[in-house]
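Peer 1: I am attaching a structure below and will ask some questions about it afterwards.
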Amino acid sequence: MAKFRFTAQDVSVLEERVATVPDWDSWSRRSDKEGRDVLEIRASGRRPGVIRIVRTENGAYAATGYDGWAVVLCDDLNQLIDLVAKPFTRASNAAPAVLAQLPSRRSAA
């Protein structure tokens with residue numbers, strides 16, 4: 001299991017990134033029932049919950065949270081954090097990125 005553990009650099013990256021994301025309150029490190037190394041981020045605000053990050057058997061990073069959703073695996077921890085941080089860094093009244101790119105419909109009147 002040692003190769004699936006987070007490195008000191010991984011922990012340092014997570015610590016720095018948690019401090020920059022609004023509504024990410026704290027993080028902790030634990031082992032789950034299968035013995036995997038887990039980094040947990042506690043979030044509050046409009047998207048409260050816990051995000052869990054683990055290392056996969058091939059060394060990639062995976063995140064789960066909010067009713068068990070899973071993020072696409074990433075080879076880079078910063079890339080994964082960018083993906084899971086998006087809902088917290090967008091203004092509360094802004095449309096999600098995909099919707100923001102759609103043209104607005106105008107009335108013919």
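Chain labels run A, B, ... following the order of the structure tokens; each chain numbers its residues from 1, and ligands are numbered from 1 in the order shown.
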If we count only C-alpha atoms, what is near Leu80 in chain A at a cut-off of 10 Å, once residues fewer than 3 positions away on the same chain are taken out, given as JSON, numbers by chain?
Peer 2: {"A": [53, 60, 61, 62, 63, 71, 72, 73, 74, 75, 76, 77, 83, 84, 85]}
Peer 1: Restrict the selected residues to N, CA and C atoms and save them as a PDB file, in the first residue's frame.
Peer 2:
```pdb
ATOM      1  N   ILE A  53      -9.954  12.674  -1.308  1.00  0.00           N
ATOM      2  CA  ILE A  53      -8.995  12.429  -2.380  1.00  0.00           C
ATOM      3  C   ILE A  53      -8.168  11.213  -2.008  1.00  0.00           C
ATOM      4  N   ALA A  60      -2.599   7.553  -9.979  1.00  0.00           N
ATOM      5  CA  ALA A  60      -3.380   8.749 -10.288  1.00  0.00           C
ATOM      6  C   ALA A  60      -4.119   9.206  -9.032  1.00  0.00           C
ATOM      7  N   TYR A  61      -4.745  10.366  -9.115  1.00  0.00           N
ATOM      8  CA  TYR A  61      -5.524  10.923  -8.018  1.00  0.00           C
ATOM      9  C   TYR A  61      -7.003  10.845  -8.384  1.00  0.00           C
ATOM     10  N   ALA A  62      -7.847  10.544  -7.394  1.00  0.00           N
ATOM     11  CA  ALA A  62      -9.292  10.495  -7.614  1.00  0.00           C
ATOM     12  C   ALA A  62      -9.976  11.181  -6.441  1.00  0.00           C
ATOM     13  N   ALA A  63     -11.091  11.860  -6.718  1.00  0.00           N
ATOM     14  CA  ALA A  63     -11.831  12.556  -5.662  1.00  0.00           C
ATOM     15  C   ALA A  63     -13.273  12.094  -5.654  1.00  0.00           C
ATOM     16  N   VAL A  71     -14.805  12.344  -9.564  1.00  0.00           N
ATOM     17  CA  VAL A  71     -14.178  13.201 -10.566  1.00  0.00           C
ATOM     18  C   VAL A  71     -13.304  12.321 -11.446  1.00  0.00           C
ATOM     19  N   VAL A  72     -13.153  12.690 -12.688  1.00  0.00           N
ATOM     20  CA  VAL A  72     -12.262  11.977 -13.595  1.00  0.00           C
ATOM     21  C   VAL A  72     -10.886  11.903 -12.951  1.00  0.00           C
ATOM     22  N   LEU A  73     -10.231  10.775 -13.127  1.00  0.00           N
ATOM     23  CA  LEU A  73      -8.899  10.611 -12.570  1.00  0.00           C
ATOM     24  C   LEU A  73      -7.929  11.595 -13.191  1.00  0.00           C
ATOM     25  N   CYS A  74      -7.004  12.088 -12.397  1.00  0.00           N
ATOM     26  CA  CYS A  74      -5.985  13.022 -12.875  1.00  0.00           C
ATOM     27  C   CYS A  74      -4.612  12.514 -12.459  1.00  0.00           C
ATOM     28  N   ASP A  75      -3.642  12.736 -13.309  1.00  0.00           N
ATOM     29  CA  ASP A  75      -2.272  12.366 -12.976  1.00  0.00           C
ATOM     30  C   ASP A  75      -1.594  13.423 -12.122  1.00  0.00           C
ATOM     31  N   ASP A  76      -2.180  14.611 -12.046  1.00  0.00           N
ATOM     32  CA  ASP A  76      -1.592  15.728 -11.330  1.00  0.00           C
ATOM     33  C   ASP A  76      -2.546  16.204 -10.243  1.00  0.00           C
ATOM     34  N   LEU A  77      -2.053  16.314  -9.011  1.00  0.00           N
ATOM     35  CA  LEU A  77      -2.911  16.719  -7.899  1.00  0.00           C
ATOM     36  C   LEU A  77      -3.454  18.130  -8.086  1.00  0.00           C
ATOM     37  N   LEU A  83     -10.304  21.046 -10.576  1.00  0.00           N
ATOM     38  CA  LEU A  83     -11.631  20.550 -10.955  1.00  0.00           C
ATOM     39  C   LEU A  83     -12.611  20.571  -9.793  1.00  0.00           C
ATOM     40  N   VAL A  84     -12.188  20.105  -8.621  1.00  0.00           N
ATOM     41  CA  VAL A  84     -13.131  20.052  -7.504  1.00  0.00           C
ATOM     42  C   VAL A  84     -13.337  21.415  -6.853  1.00  0.00           C
ATOM     43  N   ALA A  85     -12.432  22.359  -7.095  1.00  0.00           N
ATOM     44  CA  ALA A  85     -12.567  23.697  -6.513  1.00  0.00           C
ATOM     45  C   ALA A  85     -13.481  24.603  -7.327  1.00  0.00           C
TER      46      ALA A  85
END
```
Peer 1: Expressed in Å to a single decimal, how great is the separation between CA of Asn58 in chain A and CA of Val38 in chain A?
Peer 2: 15.7 Å
